[in-house]
Amino acid sequence: MARAYEVVEVEKKWQRRWADEGTYEVDADDPRPPWYVLTMYPYPSGPAHMGHVRNYTFGDLLVRHRTMLGHAVLSPFGFDSFGLPAENAAIKTGTHPRIFTDARILELKESITSLGAVYDWRREIRSHDPEYIKWNQVIFQKLLAAGLAYRANAPVNWCPGCQTVLANEQVLADGTCERSGDLVVKRDLEQWFFGITRYADELLSGLDDLEWPERVKTMQRNWIGRSEGAEYDLVVEGRDGSDAGERLSLRVFTTRPDTSFGMTYAVVAPEHPLVDALTTADHLDDVADLRLRAAASTEVERMSESGAASLAKRGAFTGSSVINPFTGLPVPVYVADYVLMGYGTGAIMAVPAEDNRDWDFAQAYGLPVVRTVQPPVGWDEHGGPDGGPGGAYTGAGEKINSEWLNGLDITTAKARAIEWLEAEGIGERTVNYRLRDWLVSRQRFWGCPIPVVYCPEHGIVPVPTEELPVLAPDDVEFQPTGESPLSTNLEFLNTTCPLCGGPATRETDTMDTFVDSSWYFLRFTDPWTPDLPFDPEIARHWMPVDQYIGGIEHAILHLLYARFFTKALVDVGLAPEGMREPFARLFTQGMIRMDGKKMSKSKGNLVAPSSYLTTVGADALRLFHLFVGPPADDVDWTDQTDSVIDGCGRFLDRVWRLATSPDGERPQGRTGPAMPEDLDIRRATHRLIDRVSRDYERWSYNTAVAACMEFVNLLHPYVRGGGRREVVDEAVDTLLLLLAPMTPHLAAEAWERRHGDHIHLRGWPVADPELAAEATVTMVVQVNGKVRDRIEVAPDVSEEEARHLALASPQIIEALAGAEPRRVIVRPPKLVNIVL
RNA sequence: GCCCGGGUGGCGGAAUGGCAGACGCGGUGGACUCAAAAUCCAUUGUCCGAAAGGGCGUGCGGGUUCGAAUCCCGCCCCGGGCACCA
């Protein structure tokens, strides 16, 4: 599509101007009130794709708008430049990941700039920069010293495709890797962890005050998974310590201590340490068999089977019994894989009457059911699966079959049961979390090395701060073997112990790249301080991020880790006291879809933004993304999309023609006496300011654009009919100011031609309330709810006057046909409804 | 199964108790032009009607209200998240 002005030339000119003049560079001593806008820093995968365009359009609009509103806006940019794609490319082509990554960064930076997005590039961060690696490692050492980083042996997630371990957060619900899609397997390995669970409660409660999408907060709450209940001991029958044998007991966790009287058996996880002690000679084979099967089965296999039938294959009797402390009666102990070692105590008291899984298991093994909550009438006939008989009842009701709990409601009974357990010294109230500590070791090359050495004498020894950063040598074998590539370089591997000088080996794993992104927003506030990751006082000035923008895919991973890091960095003294949350407001934009799928490189359905930049230009493409629909909604890229983008270009051409004349001068207008339509245009101008300003505040850019289009449609005939000069000037200048954050190049160029100065340094327009007030309002007159007339009235028309005007209208008199109104509802100045 | 969103013209969407379909795309007709492009003007939910005008219409069924796309109850469909977490 041919445009009305030299789009490419104009856009390049202003991109250069903003960079050369440092228009959007700010410092902490700026007297204007601070405002921090941040779009999640990207993994550099080459030129920007449409998703980036959408993302950075919103961010850039906010930066420019806030600046015009008088803030000192911090708008940094960086690259999340460690990660697997570069390493995989290295494996394939032999090019070093650094060379590969730096080239991708150049491409991305160039294409982001060509969108007209402006940043304070002095603050640029690259995760793979030795300076950034150093501070990453310093933070690791601080966490290590505080006990927040630790090494432990645990069953961990291993992705065969990525040849590395993964955090729980990186394993999808179906047990596959979020990156490669491979089935993740469990391995027992000694690995590095960060103690995120220590902050579980704070991570949960802190969500309440954040202006985040409710959806994201819910996802985090579910992930943290706090549940309150009780732990207590079940003494193994015949092992109470009264005779020769040692006392042996099994600790269980339950959220329903009130149902304890209904416990008819107990279950331990296959990996539970007491399995051997509990298993009697005649059940050794069954139990061993079950444990083998459980170890061999994947999560997916376990979860794909449910219901009584499959549960029958998934348990084994140990031969032992434990005493239910509430009834004093023995119940059998089973091993079953539906109980997970990783949650609670790895053992449960089973109450089939009030738990669905226990019910299914009890059905399969013929175990008794004792109800402790009175189910609704008819439950035992049709409360079960598919309306069949029985089933567990988990709802509210009166306690039964529970001696001293009988007659109570569940909440009270829970509290009583816990009081009793604590008084008897059998157990206590506990809180359990689904959240696990964050596994940060990765057996990969292209990441931040973990800065410790292993000394046969002194064990784990942190590399001294003055020796940081520990940098990966270039000379390593990339081929994935499941061993860390760094271990193939013996010069790197073999070192000396910082404490004793004796021979030692280096840690060869690298950190999860989510570590890099967990504090980059803090580094952005001050990437210059020589002896700290950032100056806490400067961080305090800018933080928290006032508006964070990114994809919903980070709802748990990045956003939870970053919240944890912020709290942990305060606690180890690197971040300022009192700063607890990194992102005050979060916006998650919709994704671009094509043929029903997310538009992405891996799906092979990319539409390159670059082709639009050289034809319709960046402004038209930006305007399209703003206009196409609500920012939070997904965008479907279809056959018609190009036409819509052209339409955006057409609108900008109309604006251009209104603002400039062919010889570069401002269009001349009429002088002389004022006409009534002059005032109409002035009113429309000031109403537009109100409307667009409100829409900006509520992220309703599509309606803001629509309002501007409507205004141009109104202005156009006025100008053609010889509009009054100063009225047209006011209208066009206002329009350009309102468009300046959305289509910055066009606004800047047209403004410069009209006024000679820089529009983006101007203040945001303010409406004159008198002019913005409507002169007349269209009052709708209905008869029985159907519109029969419209009357122009003053905005402050009185109720009586409105009623009188409505009843006096010829159309209404005709519509009434002499009938006597039963009731007249008057809502001045908008509506009168006459009910017959 | 549970928890969130969402369902409005041919299409993207607007309207959060008061004129349904703003704005744009697409379509149709016209002006300008030798012609085309560009630009401009008009028109465009649907049905009845020559017209004036009127009926119907926001996934389906009920309800509240003078008045419901909007609030309530019950369904259907689409999208997303969670799902052996005791």
# chains A, B, ... in the order shown; residues from 1 in each chain; ligands from 1
>>> interface_residues(of="chain B", to="chain A", cutoff="7 Å", atoms="only C-alpha atoms (C1' of nucleotides)", output="MDAnalysis selection string")
chainID B and resid 4 12:13 18:19 23 25 66:67 84:86
>>> select_by_dssp(residues="stretch 693-790 of chain A", states="alpha helix (DSSP H)", output="number ranges by chain")
A: 693-697, 701-720, 725-739, 744-755, 769-772
>>> closest_residue(among="A:Arg126, A:Lys92, A:Arg724, A:His625", to="A:Pro676", atoms="only C-alpha atoms")
A:Arg724
>>> select_by_dssp(residues="stretch 673-787 of chain A", states="strand (DSSP E)", output="number ranges by chain")
A: 777-783, 786-787
>>> residues_around(residues="B:G21", least_positions_apart="3", cutoff="12 Å", atoms="only C-alpha atoms (C1' of nucleotides)", output="PyMOL selection string")
chain B and resi 8-9+13-15+45+57-58+69
>>> residues_around(residues="B:U28", least_positions_apart="6", cutoff="12 Å", atoms="only C-alpha atoms (C1' of nucleotides)", output="ChimeraX atom specification")
/B:42-44
>>> write_last_selection(atoms="all heavy atoms", output="PDB file, in the first residue's frame")
ATOM      1  P     A B  42     -21.390  10.887   3.302  1.00  0.00           P
ATOM      2  OP1   A B  42     -22.156  11.756   4.223  1.00  0.00           O
ATOM      3  OP2   A B  42     -20.247  10.096   3.807  1.00  0.00           O
ATOM      4  O5'   A B  42     -22.393   9.853   2.597  1.00  0.00           O
ATOM      5  C5'   A B  42     -23.631  10.302   2.064  1.00  0.00           C
ATOM      6  C4'   A B  42     -24.267   9.197   1.271  1.00  0.00           C
ATOM      7  O4'   A B  42     -23.344   8.735   0.244  1.00  0.00           O
ATOM      8  C3'   A B  42     -24.585   7.928   2.047  1.00  0.00           C
ATOM      9  O3'   A B  42     -25.762   8.064   2.819  1.00  0.00           O
ATOM     10  C2'   A B  42     -24.734   6.926   0.908  1.00  0.00           C
ATOM     11  O2'   A B  42     -25.969   7.062   0.240  1.00  0.00           O
ATOM     12  C1'   A B  42     -23.607   7.366  -0.025  1.00  0.00           C
ATOM     13  N9    A B  42     -22.379   6.582   0.163  1.00  0.00           N
ATOM     14  C8    A B  42     -21.222   6.940   0.794  1.00  0.00           C
ATOM     15  N7    A B  42     -20.297   5.992   0.792  1.00  0.00           N
ATOM     16  C5    A B  42     -20.901   4.947   0.115  1.00  0.00           C
ATOM     17  C6    A B  42     -20.461   3.656  -0.235  1.00  0.00           C
ATOM     18  N6    A B  42     -19.252   3.185   0.065  1.00  0.00           N
ATOM     19  N1    A B  42     -21.318   2.853  -0.907  1.00  0.00           N
ATOM     20  C2    A B  42     -22.531   3.317  -1.217  1.00  0.00           C
ATOM     21  N3    A B  42     -23.060   4.513  -0.948  1.00  0.00           N
ATOM     22  C4    A B  42     -22.186   5.298  -0.282  1.00  0.00           C
ATOM     23  P     U B  43     -25.929   7.279   4.182  1.00  0.00           P
ATOM     24  OP1   U B  43     -27.207   7.690   4.792  1.00  0.00           O
ATOM     25  OP2   U B  43     -24.667   7.379   4.949  1.00  0.00           O
ATOM     26  O5'   U B  43     -26.071   5.764   3.686  1.00  0.00           O
ATOM     27  C5'   U B  43     -27.232   5.354   2.955  1.00  0.00           C
ATOM     28  C4'   U B  43     -27.028   3.959   2.429  1.00  0.00           C
ATOM     29  O4'   U B  43     -25.851   3.925   1.575  1.00  0.00           O
ATOM     30  C3'   U B  43     -26.708   2.915   3.495  1.00  0.00           C
ATOM     31  O3'   U B  43     -27.873   2.468   4.157  1.00  0.00           O
ATOM     32  C2'   U B  43     -26.045   1.820   2.660  1.00  0.00           C
ATOM     33  O2'   U B  43     -26.989   1.072   1.928  1.00  0.00           O
ATOM     34  C1'   U B  43     -25.215   2.655   1.691  1.00  0.00           C
ATOM     35  N1    U B  43     -23.821   2.857   2.162  1.00  0.00           N
ATOM     36  C2    U B  43     -22.924   1.836   1.913  1.00  0.00           C
ATOM     37  O2    U B  43     -23.231   0.811   1.346  1.00  0.00           O
ATOM     38  N3    U B  43     -21.651   2.063   2.372  1.00  0.00           N
ATOM     39  C4    U B  43     -21.192   3.177   3.026  1.00  0.00           C
ATOM     40  O4    U B  43     -20.002   3.239   3.373  1.00  0.00           O
ATOM     41  C5    U B  43     -22.179   4.195   3.248  1.00  0.00           C
ATOM     42  C6    U B  43     -23.438   3.999   2.821  1.00  0.00           C
ATOM     43  P     U B  44     -27.803   2.080   5.678  1.00  0.00           P
ATOM     44  OP1   U B  44     -29.180   1.983   6.186  1.00  0.00           O
ATOM     45  OP2   U B  44     -26.811   2.951   6.368  1.00  0.00           O
ATOM     46  O5'   U B  44     -27.186   0.609   5.588  1.00  0.00           O
ATOM     47  C5'   U B  44     -27.846  -0.415   4.833  1.00  0.00           C
ATOM     48  C4'   U B  44     -26.934  -1.605   4.711  1.00  0.00           C
ATOM     49  O4'   U B  44     -25.786  -1.266   3.894  1.00  0.00           O
ATOM     50  C3'   U B  44     -26.310  -2.068   6.016  1.00  0.00           C
ATOM     51  O3'   U B  44     -27.207  -2.877   6.741  1.00  0.00           O
ATOM     52  C2'   U B  44     -25.091  -2.838   5.523  1.00  0.00           C
ATOM     53  O2'   U B  44     -25.435  -4.138   5.078  1.00  0.00           O
ATOM     54  C1'   U B  44     -24.653  -1.988   4.329  1.00  0.00           C
ATOM     55  N1    U B  44     -23.564  -1.044   4.676  1.00  0.00           N
ATOM     56  C2    U B  44     -22.270  -1.474   4.465  1.00  0.00           C
ATOM     57  O2    U B  44     -22.000  -2.563   4.006  1.00  0.00           O
ATOM     58  N3    U B  44     -21.296  -0.579   4.822  1.00  0.00           N
ATOM     59  C4    U B  44     -21.483   0.679   5.348  1.00  0.00           C
ATOM     60  O4    U B  44     -20.507   1.377   5.618  1.00  0.00           O
ATOM     61  C5    U B  44     -22.853   1.052   5.535  1.00  0.00           C
ATOM     62  C6    U B  44     -23.828   0.189   5.200  1.00  0.00           C
TER      63        U B  44
END
>>> closest_residue(among="A:Pro376, A:Trp542, A:Ile112, A:Leu658", to="A:Tyr718", atoms="only C-alpha atoms")
A:Leu658
>>> residues_around(residues="B:A31", least_positions_apart="4", cutoff="12 Å", atoms="only C-alpha atoms (C1' of nucleotides)", output="list in words")
U39, C40, C41 and A42 of chain B
>>> write_last_selection(atoms="C-alpha atoms (C1' of nucleotides)", output="compact mmCIF listing (two decimals), in the first residue's frame")
# COMPACT_ATOMS: atom_id res chain seq x y z
C1' U B 39 -9.07 10.05 -2.94
C1' C B 40 -14.03 11.53 -1.83
C1' C B 41 -19.54 10.70 -1.12
C1' A B 42 -23.61 7.37 -0.03
>>> atom_distance(atom1="atom CA of A:Val156", atom2="atom CA of A:Asp285")
27.4 Å
>>> atom_distance(atom1="atom CA of A:Pro449", atom2="atom CA of A:Pro527")
20.7 Å
>>> atom_distance(atom1="atom CA of A:Glu581", atom2="atom CA of A:Thr513")
20.8 Å
>>> residues_around(residues="A:Thr318", least_positions_apart="6", cutoff="9 Å", atoms="only C-alpha atoms (C1' of nucleotides)", output="ChimeraX atom specification")
/A:275-276,278-280,282-284,286-287,332-335
>>> residues_around(residues="B:C71", least_positions_apart="2", cutoff="10 Å", atoms="only C-alpha atoms (C1' of nucleotides)", output="NGL selection string")
:B and (16-17 or 64-65 or 68)
>>> decode(residues="stretch 8-31 of chain B", atoms="N, CA, C and O atoms (P, O5', C5', C4', C3', O3' and C1' of nucleotides)", output="compact mmCIF listing (two decimals), in the first residue's frame")
# COMPACT_ATOMS: atom_id res chain seq x y z
P U B 8 -20.40 -14.24 19.22
O5' U B 8 -21.44 -13.11 19.53
C5' U B 8 -22.83 -13.36 19.41
C4' U B 8 -23.57 -12.06 19.27
C3' U B 8 -23.31 -11.32 17.97
O3' U B 8 -24.17 -11.80 16.95
C1' U B 8 -23.16 -9.82 19.80
P G B 9 -23.53 -12.44 15.67
O5' G B 9 -23.13 -11.12 14.88
C5' G B 9 -22.74 -11.24 13.55
C4' G B 9 -23.82 -10.71 12.63
C3' G B 9 -23.41 -10.78 11.16
O3' G B 9 -24.57 -11.04 10.39
C1' G B 9 -23.81 -8.54 11.76
P G B 10 -24.62 -12.40 9.57
O5' G B 10 -23.28 -12.32 8.71
C5' G B 10 -22.91 -13.44 7.92
C4' G B 10 -21.49 -13.29 7.45
C3' G B 10 -20.48 -12.79 8.49
O3' G B 10 -20.10 -13.81 9.40
C1' G B 10 -20.12 -11.68 6.45
P C B 11 -19.69 -13.43 10.88
O5' C B 11 -18.23 -12.83 10.71
C5' C B 11 -17.12 -13.67 10.42
C4' C B 11 -15.86 -12.84 10.38
C3' C B 11 -15.56 -12.08 11.67
O3' C B 11 -14.95 -12.90 12.64
C1' C B 11 -15.35 -10.62 9.85
P G B 12 -15.15 -12.57 14.20
O5' G B 12 -14.17 -11.33 14.42
C5' G B 12 -12.76 -11.51 14.25
C4' G B 12 -12.05 -10.22 14.56
C3' G B 12 -12.43 -9.57 15.88
O3' G B 12 -11.79 -10.20 16.97
C1' G B 12 -12.40 -7.93 14.19
P G B 13 -12.44 -10.17 18.40
O5' G B 13 -12.37 -8.62 18.76
C5' G B 13 -13.30 -8.02 19.63
C4' G B 13 -13.45 -6.58 19.21
C3' G B 13 -14.44 -5.77 20.04
O3' G B 13 -13.73 -5.10 21.06
C1' G B 13 -15.04 -5.65 17.75
P A B 14 -14.42 -4.76 22.42
O5' A B 14 -15.50 -3.65 22.01
C5' A B 14 -15.04 -2.33 21.70
C4' A B 14 -16.21 -1.42 21.51
C3' A B 14 -17.16 -1.28 22.67
O3' A B 14 -16.60 -0.45 23.66
C1' A B 14 -18.35 -1.34 20.63
P A B 15 -16.84 -0.75 25.19
O5' A B 15 -18.41 -0.54 25.34
C5' A B 15 -18.94 0.79 25.38
C4' A B 15 -20.44 0.73 25.29
C3' A B 15 -21.14 -0.01 26.42
O3' A B 15 -21.33 0.86 27.51
C1' A B 15 -22.03 -0.69 24.34
P U B 16 -20.92 0.50 29.03
O5' U B 16 -22.00 -0.62 29.43
C5' U B 16 -23.08 -0.36 30.29
C4' U B 16 -22.95 -1.16 31.57
C3' U B 16 -21.90 -0.63 32.57
O3' U B 16 -22.41 -0.39 33.88
C1' U B 16 -21.67 -2.97 32.22
P G B 17 -23.61 -0.64 34.78
O5' G B 17 -24.92 -0.92 33.91
C5' G B 17 -25.73 -2.08 33.85
C4' G B 17 -26.94 -1.80 32.99
C3' G B 17 -27.40 -0.35 32.93
O3' G B 17 -27.96 -0.12 31.65
C1' G B 17 -29.16 -1.68 33.66
P G B 18 -27.13 0.87 30.69
O5' G B 18 -28.34 1.52 29.90
C5' G B 18 -29.20 0.66 29.13
C4' G B 18 -30.24 1.50 28.43
C3' G B 18 -29.72 2.86 27.98
O3' G B 18 -30.30 3.13 26.72
C1' G B 18 -31.56 3.15 29.44
P C B 19 -29.59 2.61 25.41
O5' C B 19 -30.57 3.33 24.38
C5' C B 19 -31.91 2.89 24.23
C4' C B 19 -32.23 2.93 22.76
C3' C B 19 -31.27 2.12 21.89
O3' C B 19 -32.02 1.56 20.81
C1' C B 19 -31.21 4.37 21.24
P A B 20 -32.53 0.13 20.96
O5' A B 20 -31.19 -0.73 20.96
C5' A B 20 -30.42 -0.77 19.78
C4' A B 20 -28.98 -0.99 20.13
C3' A B 20 -28.06 -1.04 18.93
O3' A B 20 -27.60 0.28 18.65
C1' A B 20 -27.70 -2.95 20.27
P G B 21 -27.28 0.75 17.21
O5' G B 21 -26.02 -0.11 16.82
C5' G B 21 -24.80 0.01 17.57
C4' G B 21 -23.86 -1.06 17.10
C3' G B 21 -23.59 -1.02 15.60
O3' G B 21 -22.47 -0.19 15.40
C1' G B 21 -24.02 -3.26 16.35
P A B 22 -22.19 0.52 14.02
O5' A B 22 -21.43 1.83 14.50
C5' A B 22 -22.11 2.84 15.24
C4' A B 22 -21.15 3.53 16.17
C3' A B 22 -19.76 3.80 15.60
O3' A B 22 -19.74 5.00 14.85
C1' A B 22 -19.55 2.83 17.73
P C B 23 -19.25 5.04 13.37
O5' C B 23 -17.74 4.52 13.50
C5' C B 23 -16.74 5.34 14.09
C4' C B 23 -15.47 4.55 14.26
C3' C B 23 -15.04 3.75 13.03
O3' C B 23 -14.37 4.56 12.07
C1' C B 23 -14.93 2.35 14.91
P G B 24 -14.58 4.31 10.53
O5' G B 24 -13.77 2.95 10.32
C5' G B 24 -12.35 2.95 10.47
C4' G B 24 -11.85 1.54 10.53
C3' G B 24 -12.11 0.68 9.30
O3' G B 24 -11.21 0.98 8.26
C1' G B 24 -12.58 -0.56 11.25
P C B 25 -11.60 0.70 6.76
O5' C B 25 -11.63 -0.89 6.70
C5' C B 25 -10.41 -1.63 6.76
C4' C B 25 -10.70 -3.10 6.76
C3' C B 25 -11.45 -3.61 5.54
O3' C B 25 -10.59 -3.77 4.43
C1' C B 25 -12.40 -4.54 7.48
P G B 26 -11.11 -3.38 2.96
O5' G B 26 -12.24 -4.47 2.72
C5' G B 26 -11.89 -5.86 2.57
C4' G B 26 -13.15 -6.69 2.57
C3' G B 26 -14.20 -6.30 1.55
O3' G B 26 -13.89 -6.77 0.25
C1' G B 26 -15.24 -6.62 3.63
P G B 27 -14.34 -5.90 -1.02
O5' G B 27 -15.94 -5.98 -0.96
C5' G B 27 -16.57 -7.24 -1.17
C4' G B 27 -18.06 -7.07 -1.01
C3' G B 27 -18.71 -6.08 -1.95
O3' G B 27 -18.90 -6.62 -3.25
C1' G B 27 -19.55 -5.75 0.23
P U B 28 -18.75 -5.67 -4.50
O5' U B 28 -20.09 -4.82 -4.45
C5' U B 28 -21.37 -5.46 -4.54
C4' U B 28 -22.46 -4.43 -4.30
C3' U B 28 -22.35 -3.17 -5.16
O3' U B 28 -22.84 -3.37 -6.47
C1' U B 28 -22.78 -2.56 -2.92
P G B 29 -22.09 -2.60 -7.68
O5' G B 29 -22.65 -1.12 -7.52
C5' G B 29 -24.04 -0.85 -7.75
C4' G B 29 -24.38 0.53 -7.30
C3' G B 29 -23.57 1.66 -7.93
O3' G B 29 -23.99 1.97 -9.25
C1' G B 29 -23.76 2.03 -5.61
P G B 30 -22.91 2.53 -10.28
O5' G B 30 -22.58 3.98 -9.69
C5' G B 30 -23.52 5.03 -9.85
C4' G B 30 -23.15 6.20 -8.99
C3' G B 30 -21.96 7.03 -9.45
O3' G B 30 -22.26 7.87 -10.53
C1' G B 30 -21.86 6.73 -7.11
P A B 31 -21.13 8.34 -11.56
O5' A B 31 -20.35 9.43 -10.70
C5' A B 31 -20.97 10.66 -10.36
C4' A B 31 -20.02 11.53 -9.57
C3' A B 31 -18.70 11.82 -10.28
O3' A B 31 -18.83 12.91 -11.17
C1' A B 31 -18.28 11.14 -8.05
